[in-house]
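See below for query_19.txt, which holds compact mmCIF, C-alpha atoms.
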# COMPACT_ATOMS: atom_id res chain seq x y z
CA MET T 1 148.87 109.31 13.47
CA LYS T 2 145.87 109.75 11.19
CA VAL T 3 142.46 108.51 12.31
CA LEU T 4 139.51 108.36 9.92
CA CYS T 5 136.01 107.88 11.36
CA VAL T 6 133.33 106.91 8.86
CA GLY T 7 129.98 107.93 10.35
CA GLY T 8 129.08 110.97 12.43
CA GLY T 9 126.87 109.19 14.96
CA PRO T 10 127.72 108.78 18.67
CA ALA T 11 130.41 106.14 18.03
CA GLY T 12 132.22 108.04 15.30
CA LEU T 13 132.11 111.43 16.99
CA TYR T 14 133.14 110.16 20.43
CA SER T 15 135.97 108.12 18.91
CA ALA T 16 137.21 111.31 17.26
CA ILE T 17 137.00 113.21 20.55
CA LEU T 18 138.98 110.57 22.44
CA ALA T 19 141.59 110.32 19.67
CA LYS T 20 142.21 114.06 19.84
CA LEU T 21 142.35 114.09 23.61
CA ALA T 22 144.89 111.24 23.56
CA ASP T 23 147.08 112.96 20.97
CA PRO T 24 146.30 116.59 20.06
CA SER T 25 148.76 116.36 17.17
CA ALA T 26 146.86 113.49 15.55
CA GLU T 27 144.99 114.17 12.31
CA VAL T 28 141.41 113.11 13.03
CA GLU T 29 138.67 113.27 10.43
CA VAL T 30 134.98 112.33 10.53
CA LEU T 31 133.03 111.63 7.34
CA GLU T 32 129.24 111.90 7.66
CA ARG T 33 126.88 111.45 4.73
CA ASN T 34 124.08 113.53 6.29
CA ALA T 35 123.87 117.27 6.86
CA PRO T 36 124.37 118.70 10.38
CA GLY T 37 121.30 118.09 12.51
CA ALA T 38 119.86 115.38 10.26
CA THR T 39 119.25 112.18 12.21
CA HIS T 40 116.84 109.28 12.46
CA GLY T 41 114.65 108.57 15.45
CA TRP T 42 113.53 110.84 18.25
CA GLY T 43 115.27 110.32 21.53
CA ILE T 44 117.76 108.03 23.23
CA THR T 45 117.89 106.70 26.77
CA PHE T 46 120.86 105.73 28.93
CA GLY T 47 121.94 104.96 32.46
CA GLU T 48 124.63 105.65 35.04
CA ASP T 49 127.30 103.52 33.36
CA LEU T 50 127.40 105.78 30.33
CA LEU T 51 127.66 108.93 32.46
CA ASP T 52 130.49 107.35 34.46
CA ASP T 53 132.41 106.68 31.24
CA LEU T 54 131.73 110.14 29.84
CA TYR T 55 132.88 111.95 32.99
CA ARG T 56 135.97 109.75 33.32
CA HIS T 57 137.18 110.21 29.74
CA ASP T 58 136.00 113.73 28.87
CA ALA T 59 134.28 115.54 31.71
CA GLU T 60 133.42 118.53 29.52
CA SER T 61 131.23 116.60 27.09
CA GLY T 62 129.94 114.51 30.00
CA ARG T 63 128.67 117.61 31.81
CA ALA T 64 127.11 118.98 28.63
CA ILE T 65 125.25 115.73 27.99
CA ARG T 66 124.08 115.41 31.59
CA ASP T 67 122.88 119.03 31.63
CA ALA T 68 120.86 118.42 28.44
CA ALA T 69 119.40 115.11 29.63
CA ILE T 70 116.14 114.49 31.43
CA LEU T 71 116.03 112.31 34.54
CA TRP T 72 113.03 110.01 34.70
CA GLY T 73 112.50 108.39 38.06
CA ASP T 74 109.95 105.63 37.56
CA GLN T 75 108.68 102.97 35.17
CA VAL T 76 105.03 102.01 34.77
CA VAL T 77 103.20 99.30 32.87
CA ARG T 78 99.70 100.08 31.60
CA ILE T 79 97.42 97.32 30.29
CA GLY T 80 94.24 98.65 28.73
CA GLY T 81 92.25 100.74 31.17
CA ARG T 82 93.57 98.98 34.28
CA PRO T 83 95.49 100.88 36.99
CA PRO T 84 99.18 101.24 36.15
CA VAL T 85 101.66 98.81 37.68
CA HIS T 86 104.86 100.36 38.99
CA ILE T 87 108.34 98.95 38.43
CA GLY T 88 110.28 100.34 41.35
CA GLY T 89 113.95 101.15 41.64
CA LYS T 90 114.26 101.95 37.95
CA TYR T 91 115.42 105.33 36.69
CA GLY T 92 117.39 106.62 33.77
CA PHE T 93 118.22 109.56 31.53
CA SER T 94 116.95 110.51 28.10
CA MET T 95 117.43 113.24 25.54
CA GLY T 96 116.89 113.98 21.87
CA ARG T 97 119.30 112.17 19.57
CA ALA T 98 119.86 115.37 17.59
CA ALA T 99 120.82 117.21 20.80
CA LEU T 100 123.34 114.50 21.69
CA LEU T 101 124.96 114.66 18.26
CA GLU T 102 125.10 118.45 18.39
CA ILE T 103 127.00 118.33 21.70
CA LEU T 104 129.46 115.72 20.45
CA ALA T 105 130.04 117.49 17.12
CA ALA T 106 130.68 120.80 18.87
CA ARG T 107 133.15 119.22 21.27
CA ALA T 108 134.95 117.41 18.44
CA SER T 109 135.28 120.62 16.43
CA GLN T 110 136.53 122.47 19.51
CA LEU T 111 139.33 119.92 19.84
CA GLY T 112 140.36 120.29 16.20
CA VAL T 113 138.58 117.33 14.61
CA THR T 114 137.69 117.85 10.95
CA ILE T 115 134.05 116.92 10.30
CA ARG T 116 133.04 116.59 6.68
CA TRP T 117 129.26 116.71 6.46
CA GLU T 118 127.32 115.40 3.47
CA SER T 119 130.32 113.29 2.50
CA GLU T 120 129.09 110.26 0.54
CA LEU T 121 131.96 107.94 -0.29
CA PRO T 122 132.24 106.44 -3.79
CA GLU T 123 132.35 102.64 -3.93
CA ASP T 124 135.98 102.41 -5.00
CA ARG T 125 137.06 104.56 -2.06
CA VAL T 126 135.04 102.53 0.47
CA ALA T 127 136.92 99.37 -0.41
CA ASP T 128 140.32 101.03 -0.03
CA LEU T 129 139.85 103.22 3.06
CA GLY T 130 142.55 101.33 4.96
CA SER T 131 145.19 103.03 2.82
CA GLU T 132 144.01 106.52 3.76
CA ALA T 133 144.79 106.45 7.49
CA ASN T 134 146.65 104.60 10.20
CA LEU T 135 143.33 103.68 11.79
CA VAL T 136 139.92 103.56 10.13
CA ILE T 137 136.82 103.37 12.35
CA ALA T 138 133.73 102.12 10.53
CA ALA T 139 130.83 103.56 12.51
CA ASP T 140 128.45 103.96 9.59
CA GLY T 141 125.44 102.13 10.99
CA ALA T 142 123.73 98.77 10.66
CA GLY T 143 123.84 99.01 6.86
CA SER T 144 127.57 99.81 6.96
CA ARG T 145 129.08 100.14 3.51
CA VAL T 146 132.56 99.72 4.95
CA ARG T 147 131.59 96.42 6.59
CA THR T 148 129.90 95.23 3.40
CA ALA T 149 133.06 95.93 1.40
CA HIS T 150 135.07 93.49 3.54
CA ASP T 151 134.54 90.08 5.14
CA PHE T 152 133.76 90.40 8.85
CA GLY T 153 131.72 87.20 9.12
CA THR T 154 128.43 89.06 9.38
CA SER T 155 125.28 87.19 10.41
CA VAL T 156 121.76 88.59 10.78
CA THR T 157 118.74 87.25 12.69
CA THR T 158 115.52 88.97 11.66
CA GLY T 159 112.75 89.38 14.23
CA ARG T 160 109.10 88.55 13.55
CA ASN T 161 107.46 91.65 14.95
CA ARG T 162 106.83 94.94 13.22
CA TYR T 163 107.79 98.22 14.85
CA ILE T 164 107.83 101.94 14.10
CA TRP T 165 109.82 104.69 15.81
CA LEU T 166 107.52 107.64 16.54
CA GLY T 167 107.26 110.70 18.73
CA THR T 168 104.37 112.23 20.61
CA SER T 169 103.56 115.69 21.86
CA ARG T 170 102.44 114.08 25.12
CA TYR T 171 105.23 114.61 27.66
CA LEU T 172 105.49 111.39 29.67
CA GLU T 173 107.39 111.93 32.92
CA ARG T 174 107.87 108.18 33.40
CA PHE T 175 109.21 105.44 31.21
CA THR T 176 105.95 103.86 30.11
CA PHE T 177 105.03 100.49 28.64
CA ALA T 178 101.45 100.52 27.34
CA PHE T 179 99.61 97.45 26.00
CA GLU T 180 96.25 97.64 24.23
CA ARG T 181 94.14 94.73 22.99
CA THR T 182 92.51 95.15 19.59
CA ASP T 183 90.32 92.84 17.53
CA ALA T 184 93.46 91.94 15.58
CA GLY T 185 95.63 91.26 18.65
CA TRP T 186 97.85 93.14 21.08
CA LEU T 187 99.66 96.38 20.25
CA TRP T 188 102.12 98.03 22.62
CA PHE T 189 104.55 100.91 22.94
CA TYR T 190 107.65 101.90 24.91
CA ALA T 191 107.76 105.63 25.61
CA TYR T 192 110.06 107.96 27.51
CA PRO T 193 110.50 111.74 27.79
CA SER T 194 112.62 113.51 25.21
CA THR T 195 113.73 117.12 24.83
CA GLY T 196 111.46 119.91 23.66
CA GLY T 197 108.46 118.75 25.69
CA THR T 198 107.93 115.64 23.57
CA SER T 199 108.36 111.91 24.15
CA THR T 200 109.82 109.09 22.12
CA CYS T 201 107.26 106.36 21.41
CA ILE T 202 108.22 103.05 19.79
CA VAL T 203 105.19 101.00 18.73
CA GLU T 204 105.44 97.24 18.20
CA CYS T 205 103.10 94.36 17.35
CA SER T 206 103.03 90.92 15.79
CA PRO T 207 102.86 90.71 11.98
CA GLU T 208 99.35 89.29 12.31
CA THR T 209 98.18 92.32 14.30
CA TRP T 210 99.98 94.66 11.92
CA SER T 211 98.17 93.28 8.88
CA GLY T 212 94.91 92.72 10.77
CA LEU T 213 94.75 96.44 11.61
CA GLY T 214 95.47 97.34 7.98
CA LEU T 215 98.77 98.98 8.89
CA ASP T 216 100.50 97.08 6.09
CA THR T 217 98.50 98.91 3.43
CA ALA T 218 97.61 102.21 5.12
CA GLU T 219 99.17 105.49 4.06
CA VAL T 220 101.77 106.68 6.55
CA ASP T 221 99.73 109.42 8.24
CA GLU T 222 96.59 107.29 8.23
CA GLY T 223 98.37 104.39 9.92
CA VAL T 224 100.00 106.61 12.54
CA ALA T 225 96.63 108.24 13.32
CA ARG T 226 95.04 104.80 13.66
CA VAL T 227 97.69 103.78 16.18
CA ALA T 228 97.23 107.05 18.11
CA ASP T 229 93.51 106.31 18.41
CA ILE T 230 94.25 102.90 19.88
CA PHE T 231 96.54 104.48 22.49
CA ALA T 232 94.27 107.48 23.14
CA GLU T 233 94.11 106.82 26.90
CA PRO T 234 97.85 106.48 27.73
CA LEU T 235 98.61 109.33 25.31
CA GLY T 236 95.93 111.56 26.81
CA GLY T 237 94.47 112.10 23.36
CA GLU T 238 97.71 113.62 22.04
CA PRO T 239 98.78 112.68 18.50
CA LEU T 240 101.70 110.56 17.42
CA MET T 241 104.27 112.08 15.09
CA ARG T 242 106.08 110.04 12.49
CA PRO T 243 109.75 110.53 11.71
CA PRO T 244 110.79 111.74 8.29
CA GLY T 245 110.58 108.65 6.11
CA ARG T 246 110.20 107.56 2.55
CA VAL T 247 106.96 106.15 1.26
CA GLY T 248 107.23 103.19 -1.07
CA SER T 249 105.99 103.34 -4.65
CA SER T 250 102.87 101.44 -3.62
CA GLY T 251 102.01 104.05 -1.03
CA THR T 252 102.65 101.75 1.93
CA ALA T 253 104.24 103.00 5.12
CA ALA T 254 108.00 102.53 4.82
CA PRO T 255 108.78 103.35 8.51
CA TRP T 256 107.34 100.01 9.76
CA LEU T 257 110.34 97.73 10.14
CA THR T 258 111.43 94.31 11.35
CA PHE T 259 114.40 94.30 13.71
CA ARG T 260 117.71 92.96 12.38
CA HIS T 261 119.91 91.44 15.08
CA LEU T 262 123.38 91.79 13.59
CA ARG T 263 126.60 90.14 14.75
CA ASN T 264 130.10 89.85 13.30
CA ALA T 265 132.63 87.08 13.77
CA THR T 266 135.36 89.73 13.94
CA TRP T 267 135.38 93.51 14.27
CA ARG T 268 138.73 94.07 12.53
CA ARG T 269 140.29 93.75 9.14
CA ASP T 270 143.88 94.98 9.14
CA ASN T 271 143.62 98.62 10.32
CA VAL T 272 139.83 98.87 9.85
CA VAL T 273 137.64 98.34 12.94
CA LEU T 274 133.87 98.17 13.33
CA MET T 275 132.01 100.13 15.97
CA GLY T 276 128.42 100.82 17.02
CA ASP T 277 125.60 99.43 14.89
CA ALA T 278 128.10 98.54 12.17
CA ALA T 279 129.53 95.97 14.59
CA HIS T 280 126.42 94.93 16.52
CA THR T 281 122.75 95.72 16.97
CA THR T 282 120.67 95.22 20.11
CA HIS T 283 116.89 95.19 20.20
CA PHE T 284 115.39 98.56 21.09
CA GLY T 285 113.51 96.89 23.94
CA ILE T 286 116.64 97.11 26.12
CA GLY T 287 117.58 100.64 25.04
CA SER T 288 121.33 100.06 24.78
CA GLY T 289 122.24 101.09 21.23
CA THR T 290 123.71 104.52 21.97
CA VAL T 291 125.31 103.37 25.22
CA LEU T 292 127.10 100.47 23.53
CA ALA T 293 128.24 102.69 20.66
CA VAL T 294 129.87 105.25 22.96
CA GLN T 295 131.38 102.54 25.12
CA ASP T 296 132.87 100.92 21.99
CA ALA T 297 134.74 104.19 21.46
CA VAL T 298 135.88 104.17 25.09
CA ARG T 299 137.18 100.58 24.91
CA LEU T 300 139.09 101.27 21.69
CA ALA T 301 140.69 104.36 23.27
CA GLU T 302 141.69 102.29 26.31
CA SER T 303 143.26 99.63 24.07
CA LEU T 304 145.17 102.25 22.10
CA LYS T 305 146.55 103.68 25.36
CA LEU T 306 147.48 100.27 26.72
CA PHE T 307 149.26 99.26 23.48
CA ALA T 308 150.73 102.70 22.83
CA ASP T 309 153.44 101.54 20.41
CA ASP T 310 151.60 98.58 18.95
CA LEU T 311 148.61 99.56 16.80
CA PRO T 312 147.90 95.99 15.56
CA GLY T 313 148.01 94.77 19.16
CA ALA T 314 145.60 97.51 20.25
CA ILE T 315 143.17 96.66 17.46
CA ALA T 316 143.35 92.93 18.31
CA ALA T 317 142.73 93.63 22.00
CA TYR T 318 139.74 95.86 21.22
CA ASP T 319 138.26 93.20 18.96
CA ALA T 320 138.65 90.33 21.40
CA LEU T 321 137.68 92.06 24.64
CA ARG T 322 134.93 94.39 23.47
CA ARG T 323 133.30 91.81 21.20
CA ALA T 324 133.06 89.44 24.18
CA GLU T 325 131.49 92.17 26.36
CA VAL T 326 128.91 93.14 23.77
CA GLY T 327 128.22 89.49 22.94
CA ARG T 328 126.79 88.98 26.43
CA VAL T 329 124.53 92.02 26.04
CA GLN T 330 123.41 90.82 22.62
CA GLU T 331 122.38 87.47 24.07
CA GLN T 332 120.18 89.32 26.57
CA ALA T 333 118.80 91.52 23.81
CA LEU T 334 117.94 88.47 21.72
CA ARG T 335 116.05 86.93 24.63
CA ASN T 336 114.24 90.25 25.01
CA MET T 337 113.28 90.27 21.30
CA HIS T 338 111.92 86.72 21.43
CA TRP T 339 110.00 87.50 24.65
CA PHE T 340 108.09 90.27 22.92
CA GLU T 341 107.37 87.94 20.03
CA GLU T 342 105.49 85.72 22.51
CA VAL T 343 104.06 88.47 24.69
CA ASP T 344 100.44 87.51 23.92
CA ARG T 345 100.65 84.36 26.02
CA TYR T 346 101.82 86.33 29.06
CA LEU T 347 99.22 89.06 28.63
CA ASP T 348 96.44 86.50 28.23
CA THR T 349 97.37 84.36 31.26
CA GLN T 350 98.90 86.64 33.91
CA ASP T 351 97.45 89.35 36.14
CA PRO T 352 98.93 92.85 35.59
CA VAL T 353 101.31 92.74 38.58
CA ARG T 354 102.72 89.35 37.63
CA PHE T 355 102.92 90.37 33.97
CA ALA T 356 104.87 93.54 34.85
CA TYR T 357 107.38 91.43 36.75
CA THR T 358 107.68 88.97 33.86
CA LEU T 359 108.32 92.00 31.64
CA LEU T 360 111.02 93.18 34.04
CA ASP T 361 112.65 89.73 33.96
CA ARG T 362 112.35 89.23 30.17
CA ARG T 363 116.14 88.99 29.80
CA GLY T 364 116.38 86.32 32.48
CA ASP T 365 118.47 88.37 34.92
CA HIS T 366 116.08 88.46 37.93
CA PRO T 367 115.81 84.83 39.07
CA GLU T 368 115.69 85.44 42.84
CA ALA T 369 112.27 84.96 44.46
CA TRP T 370 112.72 87.94 46.77
CA ARG T 371 112.70 90.29 43.80
CA TYR T 372 109.09 89.44 43.03
CA GLN T 373 108.09 90.07 46.64
CA LEU T 374 109.80 93.47 46.48
CA HIS T 375 107.99 94.15 43.20
CA LYS T 376 104.62 93.41 44.85
CA ALA T 377 105.49 95.63 47.80
CA THR T 378 106.32 98.46 45.36
CA GLN T 379 102.64 98.61 44.37
CA VAL T 380 101.86 100.04 47.83
CA GLU T 381 102.27 103.81 47.58
CA GLY T 382 103.97 104.28 50.95
CA LEU T 383 106.47 101.49 50.34
CA ARG T 384 107.06 102.77 46.81
CA LYS T 385 108.04 106.17 48.20
CA VAL T 386 110.49 104.54 50.62
CA ARG T 387 112.07 102.54 47.82
CA LYS T 388 112.25 105.63 45.64
CA GLY T 389 113.99 107.52 48.45
CA VAL T 390 116.62 104.80 48.75
CA THR T 391 117.13 104.87 44.98
CA THR T 392 117.51 108.65 45.03
CA VAL T 393 120.21 108.49 47.69
CA ARG T 394 122.07 105.83 45.72
CA ARG T 395 121.82 107.88 42.54
CA THR T 396 123.02 111.06 44.28
CA VAL T 397 126.05 109.35 45.82
CA ARG T 398 127.08 107.97 42.45
CA ALA T 399 126.63 111.35 40.78
CA VAL T 400 128.78 113.09 43.39
CA LYS T 401 131.54 110.49 43.00
CA ARG T 402 131.88 111.20 39.28
CA GLY T 403 131.88 114.97 39.85
CA GLU T 404 128.37 115.75 38.66
CA ARG T 405 126.63 118.92 39.79
CA VAL T 406 123.68 117.39 41.62
CA GLY T 407 120.42 119.29 41.20
CA PRO T 408 116.77 118.63 41.99
CA VAL T 409 115.57 115.04 41.91
CA GLY T 410 113.43 114.08 38.91
CA PRO T 411 109.86 112.79 39.03

Could you show the structure in this file as structure tokens?
Amino acid sequence: MKVLCVGGGPAGLYSAILAKLADPSAEVEVLERNAPGATHGWGITFGEDLLDDLYRHDAESGRAIRDAAILWGDQVVRIGGRPPVHIGGKYGFSMGRAALLEILAARASQLGVTIRWESELPEDRVADLGSEANLVIAADGAGSRVRTAHDFGTSVTTGRNRYIWLGTSRYLERFTFAFERTDAGWLWFYAYPSTGGTSTCIVECSPETWSGLGLDTAEVDEGVARVADIFAEPLGGEPLMRPPGRVGSSGTAAPWLTFRHLRNATWRRDNVVLMGDAAHTTHFGIGSGTVLAVQDAVRLAESLKLFADDLPGAIAAYDALRRAEVGRVQEQALRNMHWFEEVDRYLDTQDPVRFAYTLLDRRGDHPEAWRYQLHKATQVEGLRKVRKGVTTVRRTVRAVKRGERVGPVGP
């Protein structure tokens, strides 16, 4: 059995790990166009479901990832200079994307996977990869060259808003949503702690606000500094740091993007399968990209085990079952994207507590009236501590069940 993974992100590396664990004699190769340690973005965030999968399928990499991750134990919503509103019962884990890839690459190499860094495929080879291995996993990102070379029935919905993926030297212990009103309209960020004492900070706004603030024509550093000034209070005066990015010939800031919601009618073509962002994208507002990518690898491994002597059957099962699972998440992510495109009308008409709950329910998965009453009760410090204690017990029990070494509780 020869397995070829195109793309050395979470999906490609974890697929390689699981392939080697399933069959140590298999020839497993990962092709990655970037150098070791080179990655986009700052940090990633994930929840219990991912840790459960990691511990169940490869406890060694699961422990390494959990040990490197940061537990954040609260979410807050800040609107201008008003007191923060707490979203109770929410916690998660985050870490630097580079640290995650380093752990996965080390584990893959330990198992005997061949990783070829800085391996840029020529066009003629991309179109004929299916002849090079029994199974080809295209995990080469949203702009997948492998997907483009074949017909997977790709469709793209482009969002209205502009966003930029930044970091900050301000260490935020809580997952923070911050909204600031400017003369040009509302600007907001999602931020969460990352490794190295920094935080990931994704800034978003409408195209009207983006151009009204002059961010469409500003030089990169000038635009980032302007945004940092707007968020001076929630950032405690700390600067924002831009990711490495190209600057267009006109001098405009290339890192400002519009989100591309990508779907495919099928994830398979003969022995080539799509995975991760090559197969699907989900709006960053729900923070599921890395989780879904790793779980794609898990579902493919499960299909290969179930159809041990039937590779076409395993590929077909992965395509049908996993695409249906992710399709439901993508529908929620699309609702989330559209909600943020209309966020002005909620900010302008709702009080902060009601707005924070509307934000919590932006995917439409909290319809019960009692949830809002619980949300209001969470704003009382004593009741918030009680709820947090219950959440901590629930988290600890789940961690013990999967075999995690349980340490001190996070903030």

Within 9 Å of region 61-67 of chain T using only C-alpha atoms, minus same-chain residues under 5 positions, as an mmCIF file with C-alpha atoms, keeping the file's coordinate frame:
data_model
loop_
_atom_site.group_PDB
_atom_site.id
_atom_site.type_symbol
_atom_site.label_atom_id
_atom_site.label_comp_id
_atom_site.auth_asym_id
_atom_site.auth_seq_id
_atom_site.Cartn_x
_atom_site.Cartn_y
_atom_site.Cartn_z
ATOM 1 C CA LEU T 51 127.660 108.930 32.460
ATOM 2 C CA ASP T 52 130.490 107.350 34.460
ATOM 3 C CA ASP T 53 132.410 106.680 31.240
ATOM 4 C CA LEU T 54 131.730 110.140 29.840
ATOM 5 C CA TYR T 55 132.880 111.950 32.990
ATOM 6 C CA ARG T 56 135.970 109.750 33.320
ATOM 7 C CA PHE T 93 118.220 109.560 31.530
ATOM 8 C CA MET T 95 117.430 113.240 25.540
ATOM 9 C CA ALA T 99 120.820 117.210 20.800
ATOM 10 C CA LEU T 100 123.340 114.500 21.690
ATOM 11 C CA ILE T 103 127.000 118.330 21.700
ATOM 12 C CA LEU T 104 129.460 115.720 20.450
ATOM 13 C CA ARG T 107 133.150 119.220 21.270
ATOM 14 C CA GLU T 404 128.370 115.750 38.660
ATOM 15 C CA ARG T 405 126.630 118.920 39.790
#

Give me the residues within 12 Å of Val386 (chain T) as a count of residues only, counting all atoms listed in the file and dropping any in the same chain fewer than 5 places off. 11

Can you tell me, as AutoDock Vina command-line options, the centre and edge lengths (Å, one decimal) of the axis-aligned box enclosing all of region 329-348 of chain T's listed atoms after padding each side by 4 Å?
--center_x 110.5 --center_y 88.2 --center_z 24.5 --size_x 36.1 --size_y 15.7 --size_z 17.0

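Put simply, CA of Asn336 (chain T) is 25.8 Å away from CA of Ala69 (chain T).
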
Give one line per residue of region 224-320 of chain T that approaches region 158-171 of chain T to at most 9 Å, naming the two atoms of the closest pair and their distance in Å to one decimal, counting only C-alpha atoms; sort by chain then ascending residue number and deliver it as JSON lines.
{"residue": "T:Val224", "atom": "CA", "partner": "T:Leu166", "partner_atom": "CA", "distance": 8.6}
{"residue": "T:Leu235", "atom": "CA", "partner": "T:Arg170", "partner_atom": "CA", "distance": 6.1}
{"residue": "T:Gly236", "atom": "CA", "partner": "T:Arg170", "partner_atom": "CA", "distance": 7.2}
{"residue": "T:Gly237", "atom": "CA", "partner": "T:Arg170", "partner_atom": "CA", "distance": 8.4}
{"residue": "T:Glu238", "atom": "CA", "partner": "T:Arg170", "partner_atom": "CA", "distance": 5.7}
{"residue": "T:Pro239", "atom": "CA", "partner": "T:Thr168", "partner_atom": "CA", "distance": 6.0}
{"residue": "T:Leu240", "atom": "CA", "partner": "T:Thr168", "partner_atom": "CA", "distance": 4.5}
{"residue": "T:Met241", "atom": "CA", "partner": "T:Gly167", "partner_atom": "CA", "distance": 4.9}
{"residue": "T:Arg242", "atom": "CA", "partner": "T:Leu166", "partner_atom": "CA", "distance": 4.9}
{"residue": "T:Pro243", "atom": "CA", "partner": "T:Leu166", "partner_atom": "CA", "distance": 6.1}
{"residue": "T:Pro255", "atom": "CA", "partner": "T:Ile164", "partner_atom": "CA", "distance": 5.8}
{"residue": "T:Trp256", "atom": "CA", "partner": "T:Ile164", "partner_atom": "CA", "distance": 4.8}
{"residue": "T:Leu257", "atom": "CA", "partner": "T:Tyr163", "partner_atom": "CA", "distance": 5.4}
{"residue": "T:Thr258", "atom": "CA", "partner": "T:Arg162", "partner_atom": "CA", "distance": 5.0}
{"residue": "T:Phe259", "atom": "CA", "partner": "T:Gly159", "partner_atom": "CA", "distance": 5.2}
{"residue": "T:Arg260", "atom": "CA", "partner": "T:Thr158", "partner_atom": "CA", "distance": 4.6}
{"residue": "T:His261", "atom": "CA", "partner": "T:Thr158", "partner_atom": "CA", "distance": 6.1}
{"residue": "T:Leu262", "atom": "CA", "partner": "T:Thr158", "partner_atom": "CA", "distance": 8.6}

Write out, as a tab-separated table, each residue of region 229-333 of chain T that has an atom at most 7 Å from region 150-154 of chain T, together with the closest pair of atoms and their distance in Å to one decimal, counting only C-alpha atoms, rows going by chain and rising number.
residue	atom	partner	partner_atom	distance
T:Arg263	CA	T:Thr154	CA	5.8
T:Asn264	CA	T:Thr154	CA	4.3
T:Ala265	CA	T:Gly153	CA	4.7
T:Thr266	CA	T:Phe152	CA	5.4
T:Trp267	CA	T:Phe152	CA	6.5

Would you output that residue set with C-alpha atoms, as a tab-separated table (two decimals), in the frame of the given file?
chain	number	residue	atom	x	y	z
T	263	ARG	CA	126.60	90.14	14.75
T	264	ASN	CA	130.10	89.85	13.30
T	265	ALA	CA	132.63	87.08	13.77
T	266	THR	CA	135.36	89.73	13.94
T	267	TRP	CA	135.38	93.51	14.27

Selection near Phe189 (chain T), 7 Å with all atoms listed in the file, sequence-local residues under 5 positions removed, as a ChimeraX atom specification: /T:177-179,201-204
